[in-house]
file my_file.txt (compact mmCIF, C-alpha atoms and all ligand atoms)
# COMPACT_ATOMS: atom_id res chain seq x y z
CA MET Q 1 -30.19 -13.10 1.92
CA ALA Q 2 -26.57 -14.20 1.99
CA LYS Q 3 -24.97 -15.65 5.11
CA LEU Q 4 -22.65 -13.08 6.67
CA ILE Q 5 -19.03 -14.23 6.97
CA ASP Q 6 -17.89 -12.71 10.26
CA GLY Q 7 -14.19 -11.84 10.00
CA ARG Q 8 -14.00 -10.73 13.63
CA ALA Q 9 -15.28 -14.10 14.87
CA VAL Q 10 -12.89 -16.06 12.65
CA ALA Q 11 -10.00 -13.81 13.75
CA GLU Q 12 -10.89 -14.59 17.40
CA LYS Q 13 -10.63 -18.29 16.60
CA VAL Q 14 -7.18 -17.68 15.06
CA TYR Q 15 -6.13 -15.85 18.24
CA ALA Q 16 -7.44 -18.64 20.46
CA ASP Q 17 -5.25 -21.12 18.55
CA LEU Q 18 -2.26 -18.75 18.63
CA ARG Q 19 -2.47 -18.29 22.41
CA GLY Q 20 -1.57 -21.96 22.82
CA ASN Q 21 1.46 -21.60 20.51
CA ILE Q 22 2.56 -18.42 22.29
CA ALA Q 23 2.39 -20.14 25.71
CA GLU Q 24 4.55 -22.99 24.35
CA LEU Q 25 7.09 -20.52 22.98
CA LYS Q 26 7.21 -18.61 26.27
CA ALA Q 27 7.78 -21.86 28.14
CA LYS Q 28 10.88 -22.25 25.96
CA GLY Q 29 11.99 -18.71 26.83
CA VAL Q 30 10.89 -17.08 23.57
CA THR Q 31 8.47 -14.13 23.44
CA PRO Q 32 7.34 -13.42 19.86
CA GLY Q 33 8.55 -9.95 18.90
CA LEU Q 34 7.10 -7.75 16.16
CA ALA Q 35 8.54 -4.40 15.08
CA VAL Q 36 6.31 -2.09 13.06
CA VAL Q 37 8.03 0.83 11.39
CA LEU Q 38 6.03 3.84 10.26
CA VAL Q 39 7.62 6.70 8.36
CA GLY Q 40 5.56 9.89 8.18
CA ASP Q 41 2.14 10.70 9.58
CA ASP Q 42 -0.43 9.33 7.15
CA PRO Q 43 -3.57 9.02 9.32
CA ALA Q 44 -4.75 5.68 7.84
CA SER Q 45 -1.27 4.17 8.30
CA ARG Q 46 -1.15 5.46 11.88
CA ALA Q 47 -4.48 3.79 12.60
CA TYR Q 48 -3.24 0.45 11.16
CA VAL Q 49 -0.03 0.63 13.17
CA ARG Q 50 -1.99 1.38 16.34
CA SER Q 51 -4.29 -1.61 15.88
CA LYS Q 52 -1.34 -3.93 15.14
CA ASP Q 53 0.46 -2.71 18.28
CA LYS Q 54 -2.71 -3.17 20.36
CA MET Q 55 -3.15 -6.74 19.15
CA CYS Q 56 0.51 -7.56 19.86
CA ARG Q 57 0.05 -6.38 23.44
CA GLU Q 58 -3.19 -8.34 23.88
CA LEU Q 59 -1.39 -11.51 22.79
CA GLY Q 60 1.59 -10.84 25.07
CA PHE Q 61 4.09 -10.19 22.27
CA HIS Q 62 7.13 -8.01 22.58
CA SER Q 63 5.84 -5.10 20.48
CA MET Q 64 8.09 -2.39 19.09
CA LYS Q 65 6.52 0.60 17.36
CA LEU Q 66 8.97 2.88 15.54
CA GLU Q 67 7.37 6.11 14.41
CA LEU Q 68 9.88 7.99 12.29
CA PRO Q 69 9.46 11.54 10.95
CA VAL Q 70 8.58 12.10 7.29
CA SER Q 71 12.08 13.60 6.86
CA THR Q 72 13.72 10.19 7.52
CA THR Q 73 16.11 9.41 4.67
CA GLN Q 74 16.39 6.15 2.79
CA SER Q 75 19.79 5.39 4.38
CA GLU Q 76 18.48 6.17 7.88
CA LEU Q 77 15.59 3.80 7.31
CA LEU Q 78 17.91 1.10 5.94
CA ALA Q 79 20.07 1.47 9.07
CA ARG Q 80 16.96 0.95 11.26
CA VAL Q 81 16.02 -2.16 9.28
CA GLU Q 82 19.57 -3.51 9.69
CA GLN Q 83 19.32 -2.94 13.45
CA LEU Q 84 16.05 -4.85 13.60
CA ASN Q 85 17.48 -7.66 11.43
CA ARG Q 86 20.20 -8.12 14.08
CA ASP Q 87 17.89 -7.77 17.12
CA SER Q 88 17.24 -11.30 18.43
CA SER Q 89 14.16 -10.15 20.41
CA ILE Q 90 12.45 -9.24 17.10
CA HIS Q 91 11.09 -12.08 14.95
CA GLY Q 92 8.92 -10.07 12.57
CA ILE Q 93 9.50 -6.70 10.91
CA LEU Q 94 6.90 -4.73 9.04
CA VAL Q 95 7.54 -1.43 7.32
CA GLN Q 96 4.13 0.18 6.91
CA SER Q 97 3.16 0.84 3.29
CA PRO Q 98 3.11 3.27 1.56
CA PRO Q 99 6.27 5.10 2.72
CA PRO Q 100 6.81 8.75 1.72
CA GLU Q 101 7.70 9.31 -1.94
CA HIS Q 102 11.44 9.81 -1.40
CA ILE Q 103 11.74 6.24 -0.03
CA ASP Q 104 12.19 3.39 -2.49
CA GLU Q 105 9.95 0.72 -0.99
CA ALA Q 106 11.41 -2.15 -3.05
CA THR Q 107 14.91 -1.44 -1.70
CA ILE Q 108 13.62 -1.44 1.88
CA VAL Q 109 11.77 -4.73 1.38
CA ARG Q 110 14.91 -6.34 -0.09
CA ALA Q 111 16.92 -5.21 2.94
CA LEU Q 112 14.68 -7.17 5.34
CA ASN Q 113 15.90 -10.51 6.62
CA PRO Q 114 13.49 -12.80 4.71
CA ARG Q 115 13.02 -14.90 7.87
CA LYS Q 116 11.63 -11.78 9.60
CA ASP Q 117 9.58 -10.59 6.60
CA VAL Q 118 6.19 -11.44 8.10
CA ASP Q 119 4.45 -9.33 5.43
CA GLY Q 120 5.72 -11.77 2.79
CA PHE Q 121 6.94 -9.16 0.29
CA HIS Q 122 10.66 -10.04 0.12
CA PRO Q 123 11.59 -11.65 -3.25
CA GLU Q 124 12.70 -14.82 -1.42
CA ASN Q 125 9.25 -15.19 0.13
CA VAL Q 126 7.51 -14.41 -3.18
CA ALA Q 127 9.62 -17.16 -4.78
CA LYS Q 128 8.72 -19.59 -1.99
CA LEU Q 129 5.03 -18.87 -2.54
CA VAL Q 130 5.40 -19.65 -6.25
CA LEU Q 131 7.45 -22.76 -5.46
CA GLU Q 132 4.94 -23.89 -2.80
CA ASP Q 133 7.72 -23.98 -0.20
CA ALA Q 134 5.85 -23.74 3.12
CA SER Q 135 8.85 -22.31 4.99
CA GLY Q 136 8.22 -18.88 3.41
CA PHE Q 137 5.77 -16.18 4.46
CA ALA Q 138 2.76 -15.33 2.30
CA PRO Q 139 1.20 -11.84 2.50
CA CYS Q 140 -1.33 -11.42 5.30
CA THR Q 141 -4.43 -10.26 3.41
CA PRO Q 142 -4.44 -13.19 0.92
CA LEU Q 143 -3.74 -15.58 3.81
CA GLY Q 144 -6.68 -14.03 5.65
CA VAL Q 145 -9.00 -14.50 2.67
CA GLN Q 146 -7.99 -18.15 2.34
CA ARG Q 147 -8.46 -18.78 6.08
CA LEU Q 148 -11.89 -17.07 6.05
CA LEU Q 149 -13.03 -19.38 3.25
CA LEU Q 150 -11.68 -22.49 4.97
CA GLU Q 151 -13.12 -21.63 8.40
CA SER Q 152 -16.50 -20.84 6.82
CA GLY Q 153 -16.63 -24.32 5.27
CA ILE Q 154 -16.55 -22.96 1.71
CA GLU Q 155 -15.10 -25.43 -0.76
CA ILE Q 156 -12.03 -23.97 -2.49
CA ASN Q 157 -10.96 -27.30 -3.96
CA GLY Q 158 -12.03 -27.35 -7.63
CA ALA Q 159 -13.99 -24.09 -7.35
CA HIS Q 160 -13.72 -21.33 -9.94
CA VAL Q 161 -12.40 -18.30 -8.06
CA VAL Q 162 -12.38 -14.97 -9.86
CA VAL Q 163 -9.99 -12.46 -8.26
CA LEU Q 164 -10.53 -8.80 -9.16
CA GLY Q 165 -7.18 -7.03 -8.96
CA ARG Q 166 -3.58 -8.11 -9.58
CA SER Q 167 -1.62 -6.16 -6.96
CA MET Q 168 1.44 -7.67 -5.28
CA ILE Q 169 -0.28 -7.16 -1.92
CA VAL Q 170 -3.58 -8.91 -2.61
CA GLY Q 171 -4.61 -10.17 -6.05
CA LYS Q 172 -1.44 -11.84 -7.33
CA PRO Q 173 -0.40 -13.67 -4.13
CA LEU Q 174 -4.01 -14.69 -3.51
CA ALA Q 175 -4.22 -16.28 -6.96
CA LEU Q 176 -0.99 -18.18 -6.22
CA LEU Q 177 -2.24 -19.37 -2.82
CA LEU Q 178 -5.59 -20.60 -4.07
CA MET Q 179 -4.13 -22.46 -7.04
CA GLN Q 180 -1.54 -24.29 -4.90
CA LYS Q 181 -1.65 -28.02 -5.20
CA ASN Q 182 -2.98 -28.82 -1.72
CA LYS Q 183 -6.28 -29.22 0.07
CA SER Q 184 -6.48 -25.50 0.99
CA GLY Q 185 -6.04 -24.63 -2.67
CA ASN Q 186 -6.73 -26.56 -5.88
CA ALA Q 187 -8.96 -23.75 -7.18
CA THR Q 188 -9.31 -22.75 -10.81
CA VAL Q 189 -8.29 -19.12 -10.59
CA THR Q 190 -9.02 -16.31 -13.03
CA VAL Q 191 -7.50 -12.90 -12.32
CA VAL Q 192 -9.12 -9.83 -13.85
CA HIS Q 193 -7.79 -6.27 -13.84
CA SER Q 194 -8.38 -2.86 -15.38
CA ARG Q 195 -7.49 -4.09 -18.90
CA SER Q 196 -9.65 -7.22 -18.82
CA ARG Q 197 -12.31 -7.53 -21.51
CA ASN Q 198 -15.78 -8.88 -20.65
CA LEU Q 199 -15.25 -8.60 -16.89
CA ALA Q 200 -18.91 -9.25 -16.04
CA GLU Q 201 -18.99 -12.36 -18.20
CA ILE Q 202 -16.02 -13.71 -16.26
CA THR Q 203 -17.33 -12.82 -12.81
CA ARG Q 204 -20.70 -14.42 -13.70
CA SER Q 205 -18.92 -17.76 -14.18
CA ALA Q 206 -17.38 -17.69 -10.68
CA ASP Q 207 -18.20 -19.84 -7.67
CA ILE Q 208 -16.25 -17.40 -5.48
CA VAL Q 209 -15.51 -13.74 -6.29
CA VAL Q 210 -12.77 -11.88 -4.39
CA ALA Q 211 -12.91 -8.14 -5.02
CA ALA Q 212 -9.64 -6.24 -4.40
CA ILE Q 213 -9.58 -3.24 -6.72
CA GLY Q 214 -10.09 -0.21 -4.47
CA ARG Q 215 -13.24 1.04 -6.27
CA ALA Q 216 -16.16 1.81 -3.97
CA GLU Q 217 -19.15 -0.55 -4.54
CA PHE Q 218 -17.89 -1.56 -7.99
CA LEU Q 219 -19.22 -5.13 -8.06
CA LYS Q 220 -22.98 -5.08 -8.70
CA ALA Q 221 -25.69 -7.73 -8.65
CA ASP Q 222 -25.55 -8.14 -12.44
CA HIS Q 223 -21.85 -9.10 -12.20
CA ILE Q 224 -22.70 -12.34 -10.39
CA ARG Q 225 -24.94 -15.37 -10.56
CA ASP Q 226 -27.16 -16.66 -7.74
CA GLY Q 227 -25.46 -18.52 -4.91
CA VAL Q 228 -21.93 -17.20 -5.37
CA VAL Q 229 -19.59 -16.54 -2.40
CA ILE Q 230 -18.30 -12.96 -2.18
CA ILE Q 231 -15.15 -11.86 -0.37
CA ASP Q 232 -14.79 -8.08 -0.30
CA VAL Q 233 -11.22 -6.92 0.35
CA GLY Q 234 -11.82 -3.28 -0.57
CA ILE Q 235 -11.66 -0.48 1.99
CA ASN Q 236 -12.84 2.81 0.51
CA ARG Q 237 -13.82 6.08 2.14
CA VAL Q 238 -16.97 7.68 0.78
CA GLU Q 239 -18.25 11.05 1.89
CA ASP Q 240 -21.11 10.83 4.37
CA ALA Q 241 -22.39 14.01 6.00
CA ALA Q 242 -24.51 11.94 8.41
CA ASN Q 243 -21.37 10.36 9.85
CA ALA Q 244 -19.49 12.28 12.57
CA ARG Q 245 -16.18 11.65 10.74
CA GLY Q 246 -17.64 12.99 7.48
CA TYR Q 247 -17.09 9.68 5.71
CA ARG Q 248 -17.91 5.99 5.97
CA LEU Q 249 -16.07 2.90 4.86
CA VAL Q 250 -17.41 0.75 2.04
CA GLY Q 251 -15.97 -2.19 0.16
CA ASP Q 252 -15.51 -2.89 -3.55
CA VAL Q 253 -18.89 -4.64 -3.55
CA ALA Q 254 -22.35 -3.03 -3.64
CA PHE Q 255 -23.30 -4.90 -0.47
CA GLU Q 256 -27.08 -4.28 -0.44
CA GLU Q 257 -27.85 -5.63 -3.91
CA VAL Q 258 -25.13 -8.30 -4.04
CA SER Q 259 -26.06 -9.82 -0.67
CA LYS Q 260 -29.54 -10.56 -2.04
CA LYS Q 261 -28.04 -12.87 -4.68
CA ALA Q 262 -24.94 -14.30 -2.99
CA SER Q 263 -24.96 -17.34 -0.70
CA ALA Q 264 -22.30 -15.84 1.60
CA ILE Q 265 -20.59 -12.46 1.82
CA THR Q 266 -18.07 -10.58 3.98
CA PRO Q 267 -19.06 -7.17 5.37
CA VAL Q 268 -16.88 -4.04 5.28
CA PRO Q 269 -15.76 -3.34 7.92
CA GLY Q 270 -15.60 -6.61 9.89
CA GLY Q 271 -14.69 -9.04 7.10
CA VAL Q 272 -11.21 -9.31 5.63
CA GLY Q 273 -9.73 -6.43 7.69
CA PRO Q 274 -9.58 -8.26 11.06
CA MET Q 275 -8.19 -11.33 9.30
CA THR Q 276 -5.25 -9.38 7.88
CA ILE Q 277 -4.08 -8.47 11.39
CA ALA Q 278 -4.75 -12.01 12.64
CA MET Q 279 -2.55 -13.47 9.91
CA LEU Q 280 0.20 -10.96 10.69
CA MET Q 281 0.15 -12.25 14.27
CA ALA Q 282 0.14 -15.86 13.00
CA ASN Q 283 3.13 -15.18 10.71
CA THR Q 284 5.02 -13.59 13.62
CA VAL Q 285 4.38 -16.59 15.87
CA ARG Q 286 5.64 -18.84 13.06
CA ALA Q 287 8.74 -16.65 12.59
CA ALA Q 288 9.43 -16.94 16.34
CA THR Q 289 8.93 -20.72 16.20
CA GLN Q 290 11.24 -21.03 13.19
CA SER Q 291 13.91 -19.03 15.06
CA LEU Q 292 14.30 -21.78 17.71
P1 LIG T 1 -4.02 -1.55 -5.97
O1 LIG T 1 -2.56 -1.83 -5.74
O2 LIG T 1 -4.47 -0.18 -6.32
O3 LIG T 1 -4.50 -2.55 -7.12
C1 LIG T 1 -5.79 -2.47 -7.63
C2 LIG T 1 -5.97 -3.54 -8.69
O4 LIG T 1 -7.33 -3.46 -9.15
C3 LIG T 1 -5.07 -3.37 -9.91
O5 LIG T 1 -4.63 -4.64 -10.34
C4 LIG T 1 -6.00 -2.73 -10.94
O6 LIG T 1 -5.72 -3.09 -12.27
C5 LIG T 1 -7.34 -3.31 -10.57
N1 LIG T 1 -8.44 -2.44 -10.97
C6 LIG T 1 -8.60 -1.14 -10.69
N2 LIG T 1 -9.75 -0.67 -11.23
C7 LIG T 1 -10.32 -1.71 -11.85
C8 LIG T 1 -11.50 -1.88 -12.61
N3 LIG T 1 -12.35 -0.86 -12.81
N4 LIG T 1 -11.79 -3.10 -13.10
C9 LIG T 1 -10.94 -4.13 -12.91
N5 LIG T 1 -9.80 -4.05 -12.20
C10 LIG T 1 -9.49 -2.86 -11.69
O7 LIG T 1 -4.89 -1.98 -4.72
P2 LIG T 1 -4.61 -3.05 -3.54
O8 LIG T 1 -3.52 -2.58 -2.67
O9 LIG T 1 -4.58 -4.43 -4.07
O10 LIG T 1 -5.96 -2.86 -2.70
C11 LIG T 1 -7.23 -3.11 -3.25
C12 LIG T 1 -8.30 -2.73 -2.23
O11 LIG T 1 -8.14 -3.57 -1.09
C13 LIG T 1 -8.20 -1.31 -1.68
O12 LIG T 1 -9.50 -0.83 -1.42
C14 LIG T 1 -7.44 -1.46 -0.40
O13 LIG T 1 -7.73 -0.44 0.55
C15 LIG T 1 -7.96 -2.80 0.07
N6 LIG T 1 -7.08 -3.54 0.98
C16 LIG T 1 -7.64 -4.04 2.09
C17 LIG T 1 -6.87 -4.79 2.94
C18 LIG T 1 -7.52 -5.38 4.15
O14 LIG T 1 -6.84 -5.74 5.09
N7 LIG T 1 -8.83 -5.54 4.15
C19 LIG T 1 -5.52 -5.00 2.70
C20 LIG T 1 -4.97 -4.49 1.52
C21 LIG T 1 -5.77 -3.75 0.66
P3 LIG T 1 -4.33 -2.69 -13.02
O15 LIG T 1 -3.31 -3.64 -12.46
O16 LIG T 1 -4.63 -2.96 -14.45
O17 LIG T 1 -4.06 -1.28 -12.68
call {"tool": "encode", "arguments": {"input": "my_file.txt", "output": "structure tokens"}}
result
Amino acid sequence: MAKLIDGRAVAEKVYADLRGNIAELKAKGVTPGLAVVLVGDDPASRAYVRSKDKMCRELGFHSMKLELPVSTTQSELLARVEQLNRDSSIHGILVQSPPPEHIDEATIVRALNPRKDVDGFHPENVAKLVLEDASGFAPCTPLGVQRLLLESGIEINGAHVVVLGRSMIVGKPLALLLMQKNKSGNATVTVVHSRSRNLAEITRSADIVVAAIGRAEFLKADHIRDGVVIIDVGINRVEDAANARGYRLVGDVAFEEVSKKASAITPVPGGVGPMTIAMLMANTVRAATQSL
């Protein structure tokens, strides 16, 4: 059986480190401030926003939660973002994705002050990731995956990492991070997507597989070879009458069969999810530090 990579435990370690940085900032009169903006009432988004707010409070951040009605217009939202850009008590701004259909997300992201864009989606931060300029912010989920691998003692350097999915939130920035020319990178990265031919042949040549495609239990035992490391980013709801909520959460990996072949694997939930929030907190602390 594979070793379980415990995202909650690694996230706790991240928080323990951050508490020291936060105390130092407070001694200098700076309280890290994070504003999370939610437009509409999507239940999953609400749950994410709640857990981010809770974590901010636990760490002693200044936490601002803006819950705006679904009727909020693009120009109203832009005005809110402008306000937050100017607010010196706010170091990080996150506009929860996806916004309602009438909002153009790309325009909102471009309106953010890049130095407060702790989600790492502003074009300036994307460019800095490509350029390997460490002053930028990388997206939180890819950062969380990288940190999980490093903290679990898994060698990234020189490894063949196959990333399933090429989204701007996970797959693409993760590939960029892991191929960076530094000791937390140096991987040989292959990115596969819905148009890739011979997907199983490619995943079978991996040392590390990161699945981020949003397809419940897609990656099966015959996609991998013995001893591979599996990072499951997927969060999918599948119907489950036995569960009080009527559904349960599963990843993009068929955990039961794959864990019999892999050397290490992340569970869903309790793997990448907690790391995403931890890296959001880490990016906010860095934004506050860089504001000094
Ligand atoms: P997304 O924007 O929908 O992108 C999915 C990617 O997977 C696309 O590149 C798509 O290919 C590819 N894909 C879809 N079906 C495929 C198939 N059958 N074979 C190969 N590739 C396939 O999704 P996302 O936002 O990256 O999220 C992916 C998953 O991660 C979701 O389950 C999401 O809930 C989860 N997630 C978790 C966290 C966390 O904190 N744990 C954070 C973010 C996302 P094309 O480009 O060709 O369409």
call {"tool": "closest_residue", "arguments": {"input": "my_file.txt", "among": "Q:Asp117, Q:Glu239, Q:Asp104, Q:Glu256", "to": "Glu217 in chain Q", "atoms": "only C-alpha atoms"}}
result
Q:Glu256
call {"tool": "residues_near_point", "arguments": {"input": "my_file.txt", "point": "(1.6, 11.2, 4.5)", "cutoff": "8 Å", "atoms": "only C-alpha atoms", "output": "PyMOL selection string"}}
result
chain Q and resi 40-43+70+99-100
call {"tool": "write_last_selection", "arguments": {"input": "my_file.txt", "atoms": "C-alpha atoms", "output": "compact mmCIF listing (two decimals), keeping the file's coordinate frame"}}
result
# COMPACT_ATOMS: atom_id res chain seq x y z
CA GLY Q 40 5.56 9.89 8.18
CA ASP Q 41 2.14 10.70 9.58
CA ASP Q 42 -0.43 9.33 7.15
CA PRO Q 43 -3.57 9.02 9.32
CA VAL Q 70 8.58 12.10 7.29
CA PRO Q 99 6.27 5.10 2.72
CA PRO Q 100 6.81 8.75 1.72
call {"tool": "atom_distance", "arguments": {"input": "my_file.txt", "atom1": "CA of Leu143 in chain Q", "atom2": "CA of Pro173 in chain Q"}}
result
8.8 Å
call {"tool": "residues_near_ligand", "arguments": {"input": "my_file.txt", "ligand": "ligand LIG 1 (chain T)", "cutoff": "9 Å", "atoms": "all atoms listed in the file", "output": "VMD selection string"}}
result
chain Q and resid 140 to 142 144 164 to 172 191 to 196 199 211 to 216 218 232 to 237 250 to 252 268 to 277
call {"tool": "residues_around", "arguments": {"input": "my_file.txt", "residues": "Ile208 in chain Q", "least_positions_apart": "4", "cutoff": "7 Å", "atoms": "all atoms listed in the file", "output": "ChimeraX atom specification"}}
result
/Q:160-162,228-230
